[in-house]
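The next block is upload_4.cif, given as mmCIF, C-alpha atoms.
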data_run
loop_
_atom_site.label_atom_id
_atom_site.label_comp_id
_atom_site.auth_asym_id
_atom_site.auth_seq_id
_atom_site.Cartn_x
_atom_site.Cartn_y
_atom_site.Cartn_z
CA MET A 1 -28.11 30.03 65.95
CA ALA A 2 -25.94 30.72 62.93
CA SER A 3 -26.36 34.01 61.11
CA ASN A 4 -27.70 34.24 57.57
CA ALA A 5 -24.21 34.89 56.26
CA GLU A 6 -22.94 31.49 57.42
CA GLN A 7 -22.93 28.34 55.31
CA VAL A 8 -24.48 24.96 56.06
CA GLU A 9 -22.76 21.82 54.78
CA VAL A 10 -24.38 18.78 53.19
CA GLY A 11 -22.36 15.62 53.83
CA ALA A 12 -22.65 12.53 51.68
CA SER A 13 -21.33 9.98 54.13
CA GLU A 14 -21.08 11.26 57.69
CA GLN A 15 -24.02 12.60 59.71
CA GLN A 16 -23.55 15.94 61.40
CA ASP A 17 -25.92 17.51 63.90
CA ASP A 18 -26.43 20.65 61.86
CA SER A 19 -26.46 19.10 58.37
CA PRO A 20 -29.65 19.66 56.43
CA PHE A 21 -29.05 16.60 54.21
CA VAL A 22 -27.17 13.46 55.18
CA SER A 23 -26.41 10.33 53.12
CA GLU A 24 -24.29 7.20 53.48
CA ASP A 25 -22.04 6.24 50.60
CA GLU A 26 -21.54 2.47 50.56
CA GLU A 27 -18.09 2.79 49.06
CA ALA A 28 -16.82 5.37 51.53
CA GLN A 29 -18.78 5.09 54.76
CA ASP A 30 -15.71 5.06 56.96
CA ASP A 31 -13.54 7.32 54.88
CA LYS A 32 -14.17 10.93 55.93
CA ASP A 33 -11.78 12.20 53.29
CA GLN A 34 -14.11 10.99 50.54
CA GLN A 35 -17.13 12.92 51.79
CA GLN A 36 -19.15 14.85 49.26
CA VAL A 37 -19.84 18.29 50.65
CA VAL A 38 -22.23 20.91 49.30
CA GLU A 39 -22.33 24.34 50.86
CA LEU A 40 -25.74 25.87 51.42
CA SER A 41 -26.68 29.35 52.42
CA LEU A 42 -29.22 29.68 55.20
CA ASP A 43 -31.23 31.88 52.83
CA ASP A 44 -31.44 29.26 50.06
CA THR A 45 -34.92 28.76 48.68
CA GLU A 46 -33.97 25.94 46.28
CA ILE A 47 -31.70 22.94 46.85
CA ASP A 48 -30.59 20.39 44.25
CA VAL A 49 -28.81 17.29 45.52
CA THR A 50 -29.35 15.09 42.47
CA HIS A 51 -27.23 11.92 42.37
CA SER A 52 -25.58 12.52 45.73
CA GLY A 53 -25.89 9.07 47.31
CA LEU A 54 -28.55 10.21 49.79
CA ARG A 55 -30.32 7.48 51.75
CA ASN A 56 -32.46 9.55 54.09
CA LEU A 57 -33.80 13.03 53.43
CA GLN A 58 -32.99 15.26 56.39
CA VAL A 59 -33.55 19.01 56.55
CA ALA A 60 -32.24 21.04 59.46
CA ASN A 61 -34.41 23.64 61.17
CA VAL A 62 -32.18 26.45 59.98
CA LEU A 63 -33.39 26.21 56.37
CA THR A 64 -36.78 27.74 56.97
CA LYS A 65 -36.97 29.50 53.59
CA LEU A 66 -36.87 26.35 51.49
CA GLU A 67 -39.36 26.27 48.61
CA VAL A 68 -37.92 23.61 46.29
CA VAL A 69 -36.01 20.42 47.10
CA CYS A 70 -34.72 18.25 44.24
CA ALA A 71 -33.18 14.94 45.34
CA ARG A 72 -33.40 12.92 42.13
CA ARG A 73 -31.43 9.74 41.52
CA ASN A 74 -30.46 8.93 45.05
CA LYS A 75 -31.26 6.04 47.39
CA VAL A 76 -33.81 7.78 49.58
CA SER A 77 -36.26 5.39 51.21
CA GLY A 78 -37.80 7.73 53.78
CA ILE A 79 -38.26 11.25 55.07
CA ASP A 80 -36.67 12.52 58.28
CA ASP A 81 -38.91 13.46 61.24
CA ASN A 82 -37.55 17.02 61.25
CA LEU A 83 -38.45 17.78 57.64
CA ALA A 84 -41.71 19.59 58.40
CA ALA A 85 -40.07 21.80 61.02
CA SER A 86 -37.87 23.38 58.40
CA ALA A 87 -40.21 23.13 55.46
CA ALA A 88 -43.21 25.24 56.30
CA SER A 89 -42.72 27.03 52.98
CA LEU A 90 -41.78 23.98 50.86
CA ARG A 91 -43.77 24.03 47.60
CA GLU A 92 -41.99 21.38 45.52
CA LEU A 93 -40.44 18.04 46.50
CA ASP A 94 -38.78 15.95 43.78
CA LEU A 95 -37.79 12.39 44.75
CA TYR A 96 -37.71 10.97 41.22
CA ASP A 97 -35.70 7.72 40.91
CA ASN A 98 -35.14 6.72 44.53
CA CYS A 99 -35.90 3.66 46.66
CA MET A 100 -39.21 4.52 48.30
CA GLU A 101 -41.53 1.54 48.75
CA VAL A 102 -44.37 3.54 50.35
CA VAL A 103 -45.53 7.13 50.25
CA ASP A 104 -43.92 8.28 53.49
CA PRO A 105 -46.69 9.56 55.81
CA LYS A 106 -44.39 12.36 56.94
CA ILE A 107 -44.92 13.96 53.54
CA GLU A 108 -48.37 14.93 54.82
CA GLU A 109 -46.71 17.36 57.19
CA LEU A 110 -45.73 19.49 54.20
CA GLN A 111 -49.03 21.32 54.02
CA GLU A 112 -47.83 23.99 51.57
CA LEU A 113 -46.69 21.41 49.03
CA GLU A 114 -47.93 22.05 45.47
CA ILE A 115 -45.75 19.68 43.41
CA LEU A 116 -44.71 16.15 44.44
CA ASP A 117 -42.72 13.80 42.20
CA LEU A 118 -42.30 10.20 43.37
CA SER A 119 -41.75 8.69 39.92
CA PHE A 120 -39.43 5.73 39.36
CA ASN A 121 -39.60 4.36 42.89
CA ARG A 122 -40.98 1.06 44.20
CA ILE A 123 -44.34 2.21 45.51
CA ARG A 124 -47.07 -0.44 45.38
CA LYS A 125 -49.92 1.41 47.05
CA LEU A 126 -51.05 5.01 46.84
CA GLU A 127 -51.67 5.84 50.48
CA ARG A 128 -54.08 8.61 51.43
CA LEU A 129 -52.50 12.01 50.92
CA ASN A 130 -53.83 14.88 53.00
CA LEU A 131 -52.27 17.73 51.02
CA PRO A 132 -54.97 20.33 50.32
CA LYS A 133 -52.70 22.59 48.23
CA LEU A 134 -51.16 19.88 46.06
CA LYS A 135 -51.62 20.63 42.35
CA ARG A 136 -49.27 18.23 40.53
CA LEU A 137 -48.59 14.61 41.51
CA PHE A 138 -46.17 12.42 39.51
CA LEU A 139 -46.00 8.67 40.17
CA ILE A 140 -44.63 7.35 36.87
CA ASN A 141 -43.14 3.86 36.75
CA ASN A 142 -43.99 2.48 40.15
CA LYS A 143 -45.94 -0.70 40.96
CA ILE A 144 -49.30 0.85 41.85
CA THR A 145 -52.30 -1.38 41.17
CA CYS A 146 -55.17 0.90 42.21
CA ILE A 147 -56.04 4.61 42.09
CA GLU A 148 -56.89 5.41 45.71
CA GLY A 149 -56.06 7.80 48.52
CA VAL A 150 -56.68 10.93 46.46
CA ASP A 151 -59.83 12.12 48.20
CA ARG A 152 -57.91 14.71 50.25
CA VAL A 153 -56.13 16.46 47.42
CA PRO A 154 -59.13 18.43 46.10
CA ASN A 155 -57.01 20.99 44.23
CA LEU A 156 -55.05 18.45 42.22
CA GLU A 157 -54.73 19.61 38.60
CA LEU A 158 -52.33 17.00 37.20
CA LEU A 159 -52.10 13.29 38.02
CA GLU A 160 -49.44 11.18 36.28
CA LEU A 161 -49.70 7.42 36.84
CA GLY A 162 -48.12 6.15 33.62
CA ALA A 163 -46.31 2.81 33.55
CA ASN A 164 -47.85 1.26 36.64
CA ARG A 165 -50.09 -1.79 37.09
CA LEU A 166 -53.52 -0.19 36.94
CA ARG A 167 -56.41 -2.19 35.54
CA LYS A 168 -59.19 0.30 36.17
CA LEU A 169 -59.98 4.01 36.26
CA GLU A 170 -61.56 4.63 39.66
CA ASN A 171 -61.88 6.97 42.66
CA LEU A 172 -61.50 10.13 40.59
CA GLU A 173 -64.79 11.70 41.72
CA SER A 174 -63.12 13.77 44.42
CA LEU A 175 -60.84 15.59 41.95
CA PRO A 176 -63.05 18.33 40.44
CA ALA A 177 -60.04 20.51 39.56
CA LEU A 178 -58.24 17.77 37.64
CA ALA A 179 -57.18 19.10 34.24
CA GLN A 180 -54.57 16.56 33.12
CA LEU A 181 -54.73 12.79 33.65
CA PHE A 182 -51.94 10.55 32.36
CA VAL A 183 -52.43 6.79 32.76
CA GLY A 184 -50.61 5.42 29.73
CA ARG A 185 -48.80 2.08 29.73
CA ASN A 186 -51.11 0.30 32.16
CA LYS A 187 -53.69 -2.48 31.68
CA ILE A 188 -56.87 -0.38 31.73
CA ALA A 189 -59.70 -1.95 29.73
CA LYS A 190 -62.46 0.66 29.99
CA MET A 191 -62.88 4.43 29.90
CA GLU A 192 -64.92 5.14 33.03
CA CYS A 193 -65.12 7.28 36.17
CA LEU A 194 -64.73 10.49 34.16
CA THR A 195 -68.19 11.96 34.66
CA ARG A 196 -67.17 14.52 37.31
CA LEU A 197 -64.05 15.73 35.55
CA ALA A 198 -65.62 18.74 33.85
CA ASN A 199 -62.28 20.60 33.81
CA LEU A 200 -60.32 17.78 32.18
CA SER A 201 -58.34 19.14 29.24
CA VAL A 202 -55.77 16.37 28.66
CA LEU A 203 -56.44 12.64 28.88
CA SER A 204 -53.74 10.12 28.01
CA LEU A 205 -54.66 6.42 27.88
CA GLN A 206 -51.99 5.31 25.43
CA SER A 207 -50.86 1.67 25.46
CA ASN A 208 -53.69 0.17 27.45
CA ARG A 209 -56.45 -2.32 26.61
CA ILE A 210 -59.20 0.10 25.57
CA THR A 211 -61.58 -1.24 22.92
CA LYS A 212 -64.22 1.51 22.92
CA ILE A 213 -64.17 5.32 23.18
CA GLU A 214 -66.73 6.15 25.87
CA GLY A 215 -67.35 8.00 29.12
CA LEU A 216 -66.49 11.46 27.79
CA GLU A 217 -69.97 12.98 27.88
CA SER A 218 -69.08 15.23 30.82
CA CYS A 219 -65.70 16.37 29.51
CA PRO A 220 -66.51 19.38 27.30
CA ALA A 221 -63.17 21.07 28.05
CA LEU A 222 -61.11 18.19 26.65
CA ASP A 223 -58.39 19.64 24.43
CA ALA A 224 -56.13 16.62 23.84
CA LEU A 225 -57.06 12.94 23.81
CA TYR A 226 -54.33 10.29 23.46
CA LEU A 227 -55.59 6.76 22.77
CA SER A 228 -52.87 5.24 20.60
CA HIS A 229 -51.79 1.61 20.92
CA ASN A 230 -55.09 0.18 22.12
CA GLY A 231 -57.68 -2.11 20.52
CA ILE A 232 -60.23 0.52 19.42
CA GLU A 233 -62.31 -0.45 16.36
CA LYS A 234 -64.50 2.62 15.85
CA ILE A 235 -64.38 6.40 16.20
CA GLU A 236 -67.28 7.28 18.50
CA GLY A 237 -68.18 8.92 21.80
CA LEU A 238 -66.73 12.33 20.93
CA GLU A 239 -69.99 14.23 20.41
CA ASN A 240 -69.53 16.46 23.46
CA CYS A 241 -65.79 16.95 23.01
CA ARG A 242 -66.00 19.89 20.63
CA ALA A 243 -62.92 21.64 21.99
CA LEU A 244 -60.48 18.93 20.90
CA THR A 245 -57.39 20.22 19.13
CA THR A 246 -55.37 16.98 19.31
CA LEU A 247 -56.79 13.50 18.69
CA ASP A 248 -54.38 10.57 18.82
CA LEU A 249 -55.86 7.27 17.61
CA ALA A 250 -52.70 5.79 16.12
CA SER A 251 -52.05 2.05 16.16
CA ASN A 252 -55.58 0.81 16.72
CA ARG A 253 -57.93 -1.34 14.59
CA ILE A 254 -60.12 1.36 13.07
CA GLN A 255 -61.37 0.82 9.50
CA LYS A 256 -63.32 4.04 8.91
CA ILE A 257 -62.90 7.75 9.57
CA GLU A 258 -66.31 8.78 10.88
CA ASN A 259 -68.24 10.63 13.59
CA LEU A 260 -66.00 13.69 13.48
CA GLU A 261 -68.68 16.14 12.37
CA ASN A 262 -68.47 18.12 15.62
CA GLN A 263 -64.69 18.42 15.57
CA THR A 264 -64.42 21.94 14.22
CA ALA A 265 -61.37 22.92 16.32
CA LEU A 266 -59.19 19.89 15.55
CA GLU A 267 -55.59 20.73 14.55
CA GLU A 268 -53.72 17.45 15.05
CA PHE A 269 -55.19 14.14 13.81
CA TRP A 270 -52.84 11.23 14.46
CA PHE A 271 -54.31 8.17 12.77
CA ASN A 272 -51.30 6.23 11.50
CA HIS A 273 -51.25 2.41 11.55
CA ASN A 274 -54.96 1.76 11.38
CA GLN A 275 -56.96 -0.02 8.66
CA VAL A 276 -58.46 2.72 6.47
CA ASP A 277 -58.40 1.74 2.80
CA SER A 278 -60.86 4.19 1.22
CA TRP A 279 -60.23 7.75 -0.01
CA GLU A 280 -63.89 8.48 0.71
CA ASP A 281 -63.04 8.11 4.41
CA VAL A 282 -60.11 10.48 4.11
CA GLU A 283 -62.28 13.10 2.43
CA ARG A 284 -64.49 13.17 5.52
CA LEU A 285 -61.78 15.34 7.05
CA LYS A 286 -62.39 18.13 4.51
CA HIS A 287 -64.86 19.98 6.73
CA ILE A 288 -62.25 20.44 9.50
CA THR A 289 -60.70 23.68 8.28
CA THR A 290 -58.50 23.97 11.37
CA LEU A 291 -56.46 20.85 10.58
CA VAL A 292 -52.71 21.42 10.54
CA THR A 293 -51.26 17.91 10.79
CA VAL A 294 -52.56 14.51 9.65
CA TYR A 295 -50.81 11.18 10.16
CA LEU A 296 -52.13 8.38 7.95
CA GLU A 297 -49.01 6.33 7.21
CA GLY A 298 -49.39 2.65 7.96
CA ASN A 299 -52.97 2.58 6.62
CA PRO A 300 -53.73 0.74 3.36
CA VAL A 301 -54.72 4.05 1.78
CA ALA A 302 -51.16 5.33 2.25
CA LYS A 303 -49.80 2.67 -0.11
CA ASP A 304 -51.04 4.75 -3.03
CA GLN A 305 -48.01 6.27 -4.78
CA SER A 306 -49.90 9.57 -5.04
CA TYR A 307 -50.93 9.44 -1.40
CA ARG A 308 -49.37 12.72 -0.30
CA ARG A 309 -50.55 14.61 -3.38
CA LYS A 310 -54.11 13.34 -3.05
CA LEU A 311 -54.23 14.19 0.63
CA LYS A 312 -52.95 17.70 -0.02
CA VAL A 313 -55.54 18.20 -2.77
CA ALA A 314 -58.31 16.99 -0.49
CA ILE A 315 -57.17 19.17 2.43
CA PRO A 316 -55.07 21.98 0.89
CA TRP A 317 -54.52 23.86 4.15
CA LEU A 318 -52.51 21.02 5.70
CA GLN A 319 -49.04 22.05 6.88
CA GLN A 320 -47.75 18.56 7.72
CA ILE A 321 -48.48 15.06 6.41
CA ASP A 322 -47.07 12.33 8.59
CA ALA A 323 -43.59 13.39 9.71
CA THR A 324 -42.92 15.66 6.72
CA PHE A 325 -43.88 19.30 6.33
CA CYS A 326 -45.83 20.21 3.20
CA ARG A 327 -44.19 22.36 0.56
#
Whole structure, structure tokens version:
Amino acid sequence: MASNAEQVEVGASEQQDDSPFVSEDEEAQDDKDQQQVVELSLDDTEIDVTHSGLRNLQVANVLTKLEVVCARRNKVSGIDDNLAASAASLRELDLYDNCMEVVDPKIEELQELEILDLSFNRIRKLERLNLPKLKRLFLINNKITCIEGVDRVPNLELLELGANRLRKLENLESLPALAQLFVGRNKIAKMECLTRLANLSVLSLQSNRITKIEGLESCPALDALYLSHNGIEKIEGLENCRALTTLDLASNRIQKIENLENQTALEEFWFNHNQVDSWEDVERLKHITTLVTVYLEGNPVAKDQSYRRKLKVAIPWLQQIDATFCR
């Protein structure tokens, strides 16, 4: 076995027996002189092979100290059988923007994995993941139609499923540690399946088909709620969310500012492009002495030429109105 002082090469077109990563370059498969070679120390704990033309992720047994592997923007469609043998200490695997059509079952062999990024691939189904230490899972911009297979990741703290094909929030009951849930840019019509997420602090449902704020009764730790670009017509369902500091309701169909009496910690109120036309509604924000930023542009009330002055008089402690800081 090579000593720790030796180097291990990563080839981009020709497979070698001792290479930890191997890829085939379509333009130079048979031209050894055009190989891309990266030298790796046997003691490396982090490896970055972004945009290297990789097709198959292979890790040699010599790299037993690996903790982070970043292989973004390649053509990886699968994981090599020997990956687990050299990755007992692997904590983070980043395969953003590759060609994976399924969650490779060999990923389950990485039992120390804490962060997994499979965003911008071609995954249609979220297969069961048996990764008890996984804390952060990114699956942005795939083709996933259903939230499933997450019952064996009990320590998951962040789940990112934005820009998929989801129509429903479901199967989240087994994620008691979940603190951040991002499911924007899907086709979700109802806020549901949130009753066991007592630790949820960030919920993003932007650009969906939500028409009613509901299902948040068991989310007292919620700090940031993003519901812009939906079809919501009324502010409601926030009675138990007293820890909110950011509330994003921009680009909905809301005509009145109401039901915010319990929001005594709110700092950011994003309410642009709704249908509020009364200054009486705006003045209902006066009791929230923690407010720092208010967005109201795009509402009928903002057509008033004295809009900024009136808002500042009503809430003098504001530091920002729309995109402009207050003087």
(message) Given all atoms listed in the file as the basis, pick out the residue of A:Asn82, A:Leu178, A:Arg209, A:Lys187 nearest to A:Leu222.
(response)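 When distances to A:Leu222 are compared using all atoms listed in the file, the smallest one comes from A:Leu178.
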Here's the selection I'm unsure about, the PyMOL selection byres ((chain A and resi 94-111) around 7); applied to the file above, which residues does it give, as a compact mmCIF listing (two decimals) with C-alpha atoms, in the frame of the given file?
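And here's out.txt as it stands now:
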# COMPACT_ATOMS: atom_id res chain seq x y z
CA VAL A 69 -36.01 20.42 47.10
CA CYS A 70 -34.72 18.25 44.24
CA ALA A 71 -33.18 14.94 45.34
CA ARG A 72 -33.40 12.92 42.13
CA ARG A 73 -31.43 9.74 41.52
CA ASN A 74 -30.46 8.93 45.05
CA LYS A 75 -31.26 6.04 47.39
CA VAL A 76 -33.81 7.78 49.58
CA SER A 77 -36.26 5.39 51.21
CA GLY A 78 -37.80 7.73 53.78
CA ILE A 79 -38.26 11.25 55.07
CA ALA A 84 -41.71 19.59 58.40
CA ALA A 87 -40.21 23.13 55.46
CA ALA A 88 -43.21 25.24 56.30
CA LEU A 90 -41.78 23.98 50.86
CA GLU A 92 -41.99 21.38 45.52
CA LEU A 93 -40.44 18.04 46.50
CA GLU A 112 -47.83 23.99 51.57
CA LEU A 113 -46.69 21.41 49.03
CA LEU A 116 -44.71 16.15 44.44
CA ASP A 117 -42.72 13.80 42.20
CA LEU A 118 -42.30 10.20 43.37
CA SER A 119 -41.75 8.69 39.92
CA PHE A 120 -39.43 5.73 39.36
CA ASN A 121 -39.60 4.36 42.89
CA ARG A 122 -40.98 1.06 44.20
CA ILE A 123 -44.34 2.21 45.51
CA ARG A 124 -47.07 -0.44 45.38
CA LYS A 125 -49.92 1.41 47.05
CA LEU A 126 -51.05 5.01 46.84
CA GLU A 127 -51.67 5.84 50.48
CA LEU A 129 -52.50 12.01 50.92
CA ASN A 130 -53.83 14.88 53.00
CA LEU A 131 -52.27 17.73 51.02
CA LYS A 133 -52.70 22.59 48.23
(request) Report as a PyMOL selection string the residues that result from applying the PyMOL selection byres ((chain A and resi 288) around 7) to the structure here. (result) chain A and resi 263-264+266+285-287+289-291
Could the residues in this selection be saved with C-alpha atoms as a PDB file, in the coordinates of the input?
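Printed below is part37.pdb as written:
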ATOM      1  CA  GLN A 263     -64.690  18.420  15.570  1.00  0.00           C
ATOM      2  CA  THR A 264     -64.420  21.940  14.220  1.00  0.00           C
ATOM      3  CA  LEU A 266     -59.190  19.890  15.550  1.00  0.00           C
ATOM      4  CA  LEU A 285     -61.780  15.340   7.050  1.00  0.00           C
ATOM      5  CA  LYS A 286     -62.390  18.130   4.510  1.00  0.00           C
ATOM      6  CA  HIS A 287     -64.860  19.980   6.730  1.00  0.00           C
ATOM      7  CA  THR A 289     -60.700  23.680   8.280  1.00  0.00           C
ATOM      8  CA  THR A 290     -58.500  23.970  11.370  1.00  0.00           C
ATOM      9  CA  LEU A 291     -56.460  20.850  10.580  1.00  0.00           C
TER      10      LEU A 291
END
(request) Taking the file above as input, evaluate the PyMOL selection byres ((chain A and resi 317) around 8) and report the hits as JSON, numbers by chain. (result) {"A": [289, 291, 292, 312, 315, 316, 318, 319]}
(message) Taking (-53.1, 1.8, 4.3) as a centre in this file's frame and 9 Å as the limit, can you find every polymer residue with an atom that close, using all atoms listed in the file, and give them as a PyMOL selection string?
(response) chain A and resi 272-278+296-304
Dump as a tab-separated table the rows for residues of stretch 144-226 of chain A within 12 Å of stretch 240-259 of chain A: closest atom pair and distance in Å with one decimal, all atoms listed in the file counted, ordered by chain and rising residue number.
residue	atom	partner	partner_atom	distance
A:Ala198	CA	A:Cys241	CA	11.0
A:Asn199	CA	A:Ala243	CA	11.9
A:Leu200	CA	A:Cys241	CA	10.7
A:Ser201	CA	A:Leu244	CA	8.6
A:Val202	CA	A:Thr246	CA	9.4
A:Leu203	CA	A:Leu247	CA	10.2
A:Ser204	CA	A:Asp248	CA	9.2
A:Leu205	CA	A:Asp248	CA	10.0
A:Gln206	CA	A:Asp248	CA	8.8
A:Ser207	CA	A:Ser251	CA	9.4
A:Asn208	CA	A:Asn252	CA	10.9
A:Arg209	CA	A:Asn252	CA	10.4
A:Ile210	CA	A:Asn252	CA	9.6
A:Thr211	CA	A:Asn252	CA	8.9
A:Lys212	CA	A:Asn252	CA	10.7
A:Ile213	CA	A:Leu249	CA	10.2
A:Glu214	CA	A:Asn240	CA	11.0
A:Gly215	CA	A:Asn240	CA	10.4
A:Leu216	CA	A:Asn240	CA	7.3
A:Glu217	CA	A:Asn240	CA	5.6
A:Ser218	CA	A:Asn240	CA	7.5
A:Cys219	CA	A:Cys241	CA	6.5
A:Pro220	CA	A:Cys241	CA	5.0
A:Ala221	CA	A:Ala243	CA	6.1
A:Leu222	CA	A:Leu244	CA	5.8
A:Asp223	CA	A:Leu244	CA	4.2
A:Ala224	CA	A:Thr246	CA	4.6
A:Leu225	CA	A:Leu247	CA	5.2
A:Tyr226	CA	A:Asp248	CA	4.6
(request) Report the distance between atom CA of A:Ile47 and atom CA of A:Arg91 in Å, rounded to one decimal place. (result)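 A separation of 12.1 Å between them.
Going from atom CA of A:Glu268 over to atom CA of A:Thr293, you cover 4.9 Å.
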(request) Pull the neighbourhood of (-58.3, 19.1, 39.1) for me: all residues within 7 Å in file coordinates, counting all atoms listed in the file, as an MDAnalysis selection string. (result) chainID A and resid 155:158 175:179 199
